[in-house]
Amino acid sequence: MRRFGGPINLAEQLEKTKAMDRPVQALAKTVRGMIRPGLLRDLLHGVPVGKPAHPPLANVTLGCWISAAVLDLTRIDPRASRLLLTVGIGSALPTAAAGLTDWSSLHREQQRVGFVHMLTNVTALGLFSASLAARLSGRERAGRILSFAGVGLGGVGAYLGGHMAYRQAAGANHAPQIAHLVPLGWHDLCALADLPDGRPVARRLGYIQLFVLRRGDHVTVLADRCPHLAGPLHQGRLVVENGEACVVCPWHGSTFRLGDGSVKHGPATAPAPTFETRIRRDGIIQVRPGVDLKLA
């Protein structure tokens, strides 16, 4: 096979890809080791607010730096520019911590782009820090030049972040849009006798796949695709935390309460869609979208 007039050595390309992935793998492993599952990790993911924490933090950081650059163009108040630079630099630490935490639990293709995104933003942070130092030492012109360079590089980082979010769907809710795929009302799913007791399985309902767990005569049904990156929840582990029965996604460890599908632990921030269930007299399980889906 030839491309651009030359032979392609697939083995060499594979080796180059592996070599590029080594620092990505090492950093992701280090981040996961330093920020273990728990309250801090959930805060950095944005679990308490139900939305990823990194994007709004990044808006604050880059917004301060862009605002400082606008003031530099008008030269209205150098003190205001220094204040905005300082706030942006100060907010960069929690922004980076949240971004690294999210990045450490992404697919490899997303992590590759995110690694370049990180390097670009770290360099931009260095330029803005140098800009502030220059201004504090009285070199306003050098400070403005460094700030403009930082804005340009920060724009490249923002573009890569947008590529990850909108093209690669990093941070998006991957749970099926049940409200659009399942009509309201009750639907026959399967016979209760066909389900194993205490072990989750997957069952189809029209266009979607469901997580189905039978415990005696009680049946729990969730959308099977994890909202984080669409991992199959029926292949996950069943755990009990603080008296709450949960399922742990097998891909990245997102944990959902079986009672209502809400997030117990990240990296997921959106809940798993739930279904109400009932059993007919002939043993057929019927399901319908939960209350939250009816309101969607």
# chains A, B, ... in the order shown; residues from 1 in each chain; ligands from 1

$ closest_atom_pairs --of "range 65-126 of chain A" --to "range 259-269 of chain A" --cutoff "12 Å" --atoms "only C-alpha atoms" --output "JSON lines"
{"residue": "A:Ala98", "atom": "CA", "partner": "A:Pro267", "partner_atom": "CA", "distance": 10.8}
{"residue": "A:Gly99", "atom": "CA", "partner": "A:Pro267", "partner_atom": "CA", "distance": 11.4}
{"residue": "A:Leu100", "atom": "CA", "partner": "A:Pro267", "partner_atom": "CA", "distance": 11.6}
{"residue": "A:Thr101", "atom": "CA", "partner": "A:Pro267", "partner_atom": "CA", "distance": 8.3}
{"residue": "A:Asp102", "atom": "CA", "partner": "A:Pro267", "partner_atom": "CA", "distance": 6.7}
{"residue": "A:Trp103", "atom": "CA", "partner": "A:Pro267", "partner_atom": "CA", "distance": 9.7}
{"residue": "A:Ser104", "atom": "CA", "partner": "A:Pro267", "partner_atom": "CA", "distance": 9.5}
{"residue": "A:Ser105", "atom": "CA", "partner": "A:Pro267", "partner_atom": "CA", "distance": 7.0}
{"residue": "A:Leu106", "atom": "CA", "partner": "A:Pro267", "partner_atom": "CA", "distance": 9.2}

$ write_last_selection --atoms "N, CA, C and O atoms" --output "mmCIF file, in the first residue's frame"
data_model
loop_
_atom_site.group_PDB
_atom_site.id
_atom_site.type_symbol
_atom_site.label_atom_id
_atom_site.label_comp_id
_atom_site.auth_asym_id
_atom_site.auth_seq_id
_atom_site.Cartn_x
_atom_site.Cartn_y
_atom_site.Cartn_z
ATOM 1 N N ALA A 98 -8.812 19.813 37.921
ATOM 2 C CA ALA A 98 -10.060 19.228 37.428
ATOM 3 C C ALA A 98 -9.866 18.613 36.044
ATOM 4 O O ALA A 98 -10.367 17.522 35.759
ATOM 5 N N GLY A 99 -9.125 19.324 35.176
ATOM 6 C CA GLY A 99 -8.897 18.809 33.830
ATOM 7 C C GLY A 99 -8.087 17.526 33.833
ATOM 8 O O GLY A 99 -8.409 16.576 33.109
ATOM 9 N N LEU A 100 -7.025 17.475 34.632
ATOM 10 C CA LEU A 100 -6.204 16.263 34.716
ATOM 11 C C LEU A 100 -7.001 15.086 35.265
ATOM 12 O O LEU A 100 -6.842 13.948 34.805
ATOM 13 N N THR A 101 -7.851 15.349 36.244
ATOM 14 C CA THR A 101 -8.661 14.277 36.819
ATOM 15 C C THR A 101 -9.610 13.702 35.781
ATOM 16 O O THR A 101 -9.750 12.479 35.660
ATOM 17 N N ASP A 102 -10.276 14.571 35.016
ATOM 18 C CA ASP A 102 -11.151 14.089 33.937
ATOM 19 C C ASP A 102 -10.344 13.341 32.877
ATOM 20 O O ASP A 102 -10.738 12.273 32.412
ATOM 21 N N TRP A 103 -9.209 13.930 32.488
ATOM 22 C CA TRP A 103 -8.391 13.375 31.411
ATOM 23 C C TRP A 103 -7.887 11.980 31.749
ATOM 24 O O TRP A 103 -7.787 11.118 30.870
ATOM 25 N N SER A 104 -7.585 11.726 33.005
ATOM 26 C CA SER A 104 -7.015 10.433 33.400
ATOM 27 C C SER A 104 -7.997 9.283 33.222
ATOM 28 O O SER A 104 -7.593 8.120 33.239
ATOM 29 N N SER A 105 -9.289 9.588 33.023
ATOM 30 C CA SER A 105 -10.310 8.543 32.867
ATOM 31 C C SER A 105 -10.966 8.583 31.493
ATOM 32 O O SER A 105 -12.131 8.230 31.342
ATOM 33 N N LEU A 106 -10.217 9.019 30.482
ATOM 34 C CA LEU A 106 -10.740 9.066 29.116
ATOM 35 C C LEU A 106 -10.156 7.937 28.281
ATOM 36 O O LEU A 106 -9.222 7.242 28.703
#

$ closest_atom_pairs --of "range 173-254 of chain A" --to "range 147-168 of chain A" --cutoff "12 Å" --atoms "only C-alpha atoms" --output "tab-separated table"
residue	atom	partner	partner_atom	distance
A:Asn173	CA	A:Ala165	CA	10.6
A:His174	CA	A:Gln168	CA	11.4
A:Leu229	CA	A:Gln168	CA	10.4

$ residues_around --residues "Ala130 in chain A" --least-positions-apart "6" --cutoff "12 Å" --atoms "only C-alpha atoms" --output "ChimeraX atom specification"
/A:82,85-86,89,123-124,136-137,139-140,142-150

$ select_by_dssp --residues "range 52-202 of chain A" --states "helix (DSSP H, G or I)" --output "MDAnalysis selection string"
chainID A and resid 54:74 78:103 108:136 140:167 178:181 192:194

$ residues_around --residues "Arg281 in chain A" --least-positions-apart "5" --cutoff "12 Å" --atoms "only C-alpha atoms" --output "compact mmCIF listing (two decimals) with N, CA and C atoms, in the first residue's frame"
# COMPACT_ATOMS: atom_id res chain seq x y z
N ALA A 191 -39.88 -12.09 30.43
CA ALA A 191 -40.49 -12.85 31.52
C ALA A 191 -39.57 -12.82 32.74
N LEU A 192 -40.17 -12.68 33.91
CA LEU A 192 -39.39 -12.68 35.15
C LEU A 192 -38.59 -13.96 35.29
N GLN A 286 -42.96 -5.43 32.83
CA GLN A 286 -43.23 -4.24 32.02
C GLN A 286 -42.44 -3.07 32.57

$ select_by_dssp --residues "range 242-293 of chain A" --states "strand (DSSP E)" --output "ChimeraX atom specification"
/A:244-248,255-257,263-265,274-279,284-289

$ write_last_selection --atoms "N, CA, C and O atoms" --output "CSV table (one decimal), in the first residue's frame"
chain,number,residue,atom,x,y,z
A,244,GLU,N,-26.3,1.7,50.5
A,244,GLU,CA,-26.9,1.9,49.2
A,244,GLU,C,-26.4,0.9,48.2
A,244,GLU,O,-25.2,0.8,48.0
A,245,ALA,N,-27.3,0.2,47.5
A,245,ALA,CA,-26.9,-0.7,46.5
A,245,ALA,C,-26.5,0.1,45.2
A,245,ALA,O,-27.3,1.0,44.8
A,246,CYS,N,-25.4,-0.3,44.6
A,246,CYS,CA,-24.8,0.5,43.5
A,246,CYS,C,-24.3,-0.5,42.5
A,246,CYS,O,-24.0,-1.6,42.8
A,247,VAL,N,-24.1,0.0,41.3
A,247,VAL,CA,-23.4,-0.7,40.2
A,247,VAL,C,-22.2,0.2,39.8
A,247,VAL,O,-22.3,1.4,39.7
A,248,VAL,N,-21.0,-0.5,39.6
A,248,VAL,CA,-19.8,0.2,39.2
A,248,VAL,C,-19.5,-0.1,37.7
A,248,VAL,O,-19.4,-1.3,37.3
A,255,THR,N,-19.9,5.1,39.5
A,255,THR,CA,-20.7,4.3,40.4
A,255,THR,C,-22.1,4.9,40.5
A,255,THR,O,-22.2,6.1,40.8
A,256,PHE,N,-23.1,4.1,40.3
A,256,PHE,CA,-24.5,4.7,40.2
A,256,PHE,C,-25.4,3.9,41.2
A,256,PHE,O,-25.3,2.7,41.4
A,257,ARG,N,-26.2,4.7,41.9
A,257,ARG,CA,-27.2,4.1,42.9
A,257,ARG,C,-28.3,3.4,42.1
A,257,ARG,O,-28.8,3.9,41.1
A,263,VAL,N,-25.6,9.5,40.6
A,263,VAL,CA,-24.1,9.2,40.6
A,263,VAL,C,-23.7,9.2,42.1
A,263,VAL,O,-23.9,10.1,42.8
A,264,LYS,N,-23.0,8.1,42.4
A,264,LYS,CA,-22.4,8.0,43.7
A,264,LYS,C,-20.9,8.5,43.7
A,264,LYS,O,-20.5,9.2,44.5
A,265,HIS,N,-20.2,8.0,42.6
A,265,HIS,CA,-18.8,8.4,42.4
A,265,HIS,C,-18.6,8.6,40.9
A,265,HIS,O,-19.2,8.0,40.1
A,274,THR,N,-33.4,5.9,34.5
A,274,THR,CA,-34.1,4.8,35.2
A,274,THR,C,-35.4,4.5,34.6
A,274,THR,O,-36.0,5.4,33.9
A,275,PHE,N,-35.9,3.3,34.8
A,275,PHE,CA,-37.3,2.9,34.4
A,275,PHE,C,-38.1,2.4,35.5
A,275,PHE,O,-37.5,1.7,36.4
A,276,GLU,N,-39.3,2.7,35.5
A,276,GLU,CA,-40.3,2.1,36.5
A,276,GLU,C,-40.6,0.7,36.0
A,276,GLU,O,-40.6,0.4,34.8
A,277,THR,N,-40.8,-0.3,36.9
A,277,THR,CA,-41.1,-1.6,36.6
A,277,THR,C,-42.4,-2.1,37.3
A,277,THR,O,-42.8,-1.6,38.3
A,278,ARG,N,-43.0,-3.1,36.6
A,278,ARG,CA,-44.1,-3.8,37.3
A,278,ARG,C,-44.2,-5.2,36.6
A,278,ARG,O,-43.7,-5.4,35.5
A,279,ILE,N,-44.8,-6.2,37.3
A,279,ILE,CA,-44.9,-7.5,36.8
A,279,ILE,C,-46.4,-7.9,36.7
A,279,ILE,O,-47.2,-7.8,37.6
A,284,ILE,N,-44.8,-11.5,33.1
A,284,ILE,CA,-44.1,-10.6,32.2
A,284,ILE,C,-43.8,-9.3,32.8
A,284,ILE,O,-44.6,-8.6,33.5
A,285,ILE,N,-42.5,-8.9,32.7
A,285,ILE,CA,-42.0,-7.6,33.3
A,285,ILE,C,-42.4,-6.5,32.3
A,285,ILE,O,-42.1,-6.6,31.1
A,286,GLN,N,-43.0,-5.4,32.8
A,286,GLN,CA,-43.2,-4.2,32.0
A,286,GLN,C,-42.4,-3.1,32.6
A,286,GLN,O,-42.2,-2.9,33.8
A,287,VAL,N,-42.0,-2.2,31.7
A,287,VAL,CA,-41.2,-1.0,32.1
A,287,VAL,C,-41.8,0.2,31.4
A,287,VAL,O,-42.4,0.1,30.3
A,288,ARG,N,-41.5,1.3,32.0
A,288,ARG,CA,-41.8,2.6,31.4
A,288,ARG,C,-40.8,3.6,31.9
A,288,ARG,O,-40.2,3.5,33.0
A,289,PRO,N,-40.5,4.7,31.1
A,289,PRO,CA,-39.5,5.7,31.5
A,289,PRO,C,-39.8,6.3,32.8
A,289,PRO,O,-41.0,6.5,33.2

$ decode --residues "range 260-294 of chain A" --atoms "N, CA, C and O atoms" --output "short mmCIF file (atom, residue, chain, number, x, y, z; two decimals), in the first residue's frame"
data_model
loop_
_atom_site.label_atom_id
_atom_site.label_comp_id
_atom_site.auth_asym_id
_atom_site.auth_seq_id
_atom_site.Cartn_x
_atom_site.Cartn_y
_atom_site.Cartn_z
N ASP A 260 -32.15 5.05 42.20
CA ASP A 260 -32.63 6.14 41.34
C ASP A 260 -31.67 6.47 40.19
O ASP A 260 -31.91 7.43 39.45
N GLY A 261 -30.57 5.73 40.04
CA GLY A 261 -29.63 5.97 38.95
C GLY A 261 -28.71 7.14 39.18
O GLY A 261 -27.90 7.47 38.30
N SER A 262 -28.79 7.80 40.33
CA SER A 262 -27.93 8.97 40.58
C SER A 262 -26.48 8.54 40.77
O SER A 262 -26.19 7.39 41.07
N VAL A 263 -25.57 9.52 40.59
CA VAL A 263 -24.14 9.24 40.64
C VAL A 263 -23.66 9.20 42.09
O VAL A 263 -23.85 10.15 42.85
N LYS A 264 -23.02 8.10 42.44
CA LYS A 264 -22.38 7.98 43.75
C LYS A 264 -20.93 8.46 43.66
O LYS A 264 -20.46 9.19 44.52
N HIS A 265 -20.23 8.01 42.63
CA HIS A 265 -18.85 8.42 42.40
C HIS A 265 -18.64 8.65 40.90
O HIS A 265 -19.24 7.96 40.07
N GLY A 266 -17.75 9.60 40.57
CA GLY A 266 -17.40 9.87 39.17
C GLY A 266 -16.44 8.84 38.62
O GLY A 266 -16.14 7.86 39.28
N PRO A 267 -16.01 9.04 37.37
CA PRO A 267 -16.00 10.29 36.62
C PRO A 267 -17.31 10.75 36.00
O PRO A 267 -17.40 11.88 35.53
N ALA A 268 -18.32 9.91 35.94
CA ALA A 268 -19.61 10.36 35.41
C ALA A 268 -20.18 11.46 36.29
O ALA A 268 -19.99 11.45 37.52
N THR A 269 -20.87 12.41 35.69
CA THR A 269 -21.58 13.44 36.46
C THR A 269 -23.08 13.39 36.21
O THR A 269 -23.85 13.87 37.03
N ALA A 270 -23.50 12.82 35.07
CA ALA A 270 -24.92 12.70 34.75
C ALA A 270 -25.45 11.37 35.26
O ALA A 270 -24.75 10.35 35.23
N PRO A 271 -26.69 11.32 35.74
CA PRO A 271 -27.25 10.06 36.26
C PRO A 271 -27.56 9.08 35.15
O PRO A 271 -27.72 9.46 33.98
N ALA A 272 -27.66 7.81 35.51
CA ALA A 272 -28.11 6.79 34.57
C ALA A 272 -29.63 6.83 34.50
O ALA A 272 -30.29 6.76 35.54
N PRO A 273 -30.22 6.97 33.31
CA PRO A 273 -31.68 7.00 33.21
C PRO A 273 -32.31 5.74 33.80
O PRO A 273 -31.82 4.63 33.60
N THR A 274 -33.40 5.91 34.52
CA THR A 274 -34.07 4.79 35.20
C THR A 274 -35.43 4.51 34.57
O THR A 274 -36.03 5.36 33.89
N PHE A 275 -35.93 3.30 34.84
CA PHE A 275 -37.25 2.88 34.37
C PHE A 275 -38.06 2.35 35.54
O PHE A 275 -37.53 1.67 36.43
N GLU A 276 -39.35 2.67 35.54
CA GLU A 276 -40.25 2.06 36.50
C GLU A 276 -40.58 0.65 36.00
O GLU A 276 -40.58 0.38 34.78
N THR A 277 -40.85 -0.25 36.92
CA THR A 277 -41.14 -1.64 36.55
C THR A 277 -42.40 -2.13 37.26
O THR A 277 -42.75 -1.64 38.34
N ARG A 278 -43.04 -3.10 36.64
CA ARG A 278 -44.14 -3.83 37.27
C ARG A 278 -44.21 -5.21 36.63
O ARG A 278 -43.70 -5.42 35.52
N ILE A 279 -44.82 -6.15 37.32
CA ILE A 279 -44.90 -7.53 36.84
C ILE A 279 -46.36 -7.91 36.65
O ILE A 279 -47.17 -7.80 37.59
N ARG A 280 -46.70 -8.32 35.43
CA ARG A 280 -48.06 -8.75 35.17
C ARG A 280 -48.33 -10.09 35.85
O ARG A 280 -47.42 -10.79 36.27
N ARG A 281 -49.59 -10.47 35.91
CA ARG A 281 -49.96 -11.74 36.54
C ARG A 281 -49.36 -12.93 35.83
O ARG A 281 -49.10 -13.97 36.46
N ASP A 282 -49.10 -12.80 34.54
CA ASP A 282 -48.52 -13.92 33.80
C ASP A 282 -46.99 -13.93 33.88
O ASP A 282 -46.33 -14.71 33.18
N GLY A 283 -46.40 -13.06 34.71
CA GLY A 283 -44.95 -13.06 34.92
C GLY A 283 -44.15 -12.23 33.95
O GLY A 283 -42.92 -12.25 33.99
N ILE A 284 -44.81 -11.45 33.09
CA ILE A 284 -44.10 -10.58 32.16
C ILE A 284 -43.75 -9.26 32.84
O ILE A 284 -44.61 -8.63 33.46
N ILE A 285 -42.48 -8.86 32.72
CA ILE A 285 -42.03 -7.59 33.28
C ILE A 285 -42.35 -6.47 32.30
O ILE A 285 -42.06 -6.56 31.11
N GLN A 286 -42.96 -5.43 32.83
CA GLN A 286 -43.23 -4.24 32.02
C GLN A 286 -42.44 -3.07 32.57
O GLN A 286 -42.22 -2.95 33.78
N VAL A 287 -42.01 -2.20 31.67
CA VAL A 287 -41.21 -1.04 32.06
C VAL A 287 -41.76 0.21 31.39
O VAL A 287 -42.42 0.13 30.35
N ARG A 288 -41.49 1.34 32.01
CA ARG A 288 -41.78 2.63 31.38
C ARG A 288 -40.76 3.64 31.87
O ARG A 288 -40.18 3.47 32.95
N PRO A 289 -40.49 4.69 31.09
CA PRO A 289 -39.48 5.67 31.49
C PRO A 289 -39.82 6.28 32.85
O PRO A 289 -40.98 6.49 33.18
N GLY A 290 -38.75 6.52 33.65
CA GLY A 290 -38.95 7.09 34.97
C GLY A 290 -39.45 8.51 34.92
O GLY A 290 -39.55 9.14 33.86
N VAL A 291 -39.77 9.06 36.09
CA VAL A 291 -40.36 10.39 36.18
C VAL A 291 -39.45 11.44 35.57
O VAL A 291 -39.89 12.35 34.87
N ASP A 292 -38.12 11.32 35.80
CA ASP A 292 -37.19 12.32 35.26
C ASP A 292 -37.20 12.32 33.74
O ASP A 292 -37.01 13.36 33.09
N LEU A 293 -37.43 11.17 33.13
CA LEU A 293 -37.46 11.09 31.67
C LEU A 293 -38.77 11.63 31.11
O LEU A 293 -38.81 12.19 30.02
N LYS A 294 -39.86 11.46 31.85
CA LYS A 294 -41.14 12.00 31.40
C LYS A 294 -41.08 13.53 31.31
O LYS A 294 -41.74 14.14 30.47
#
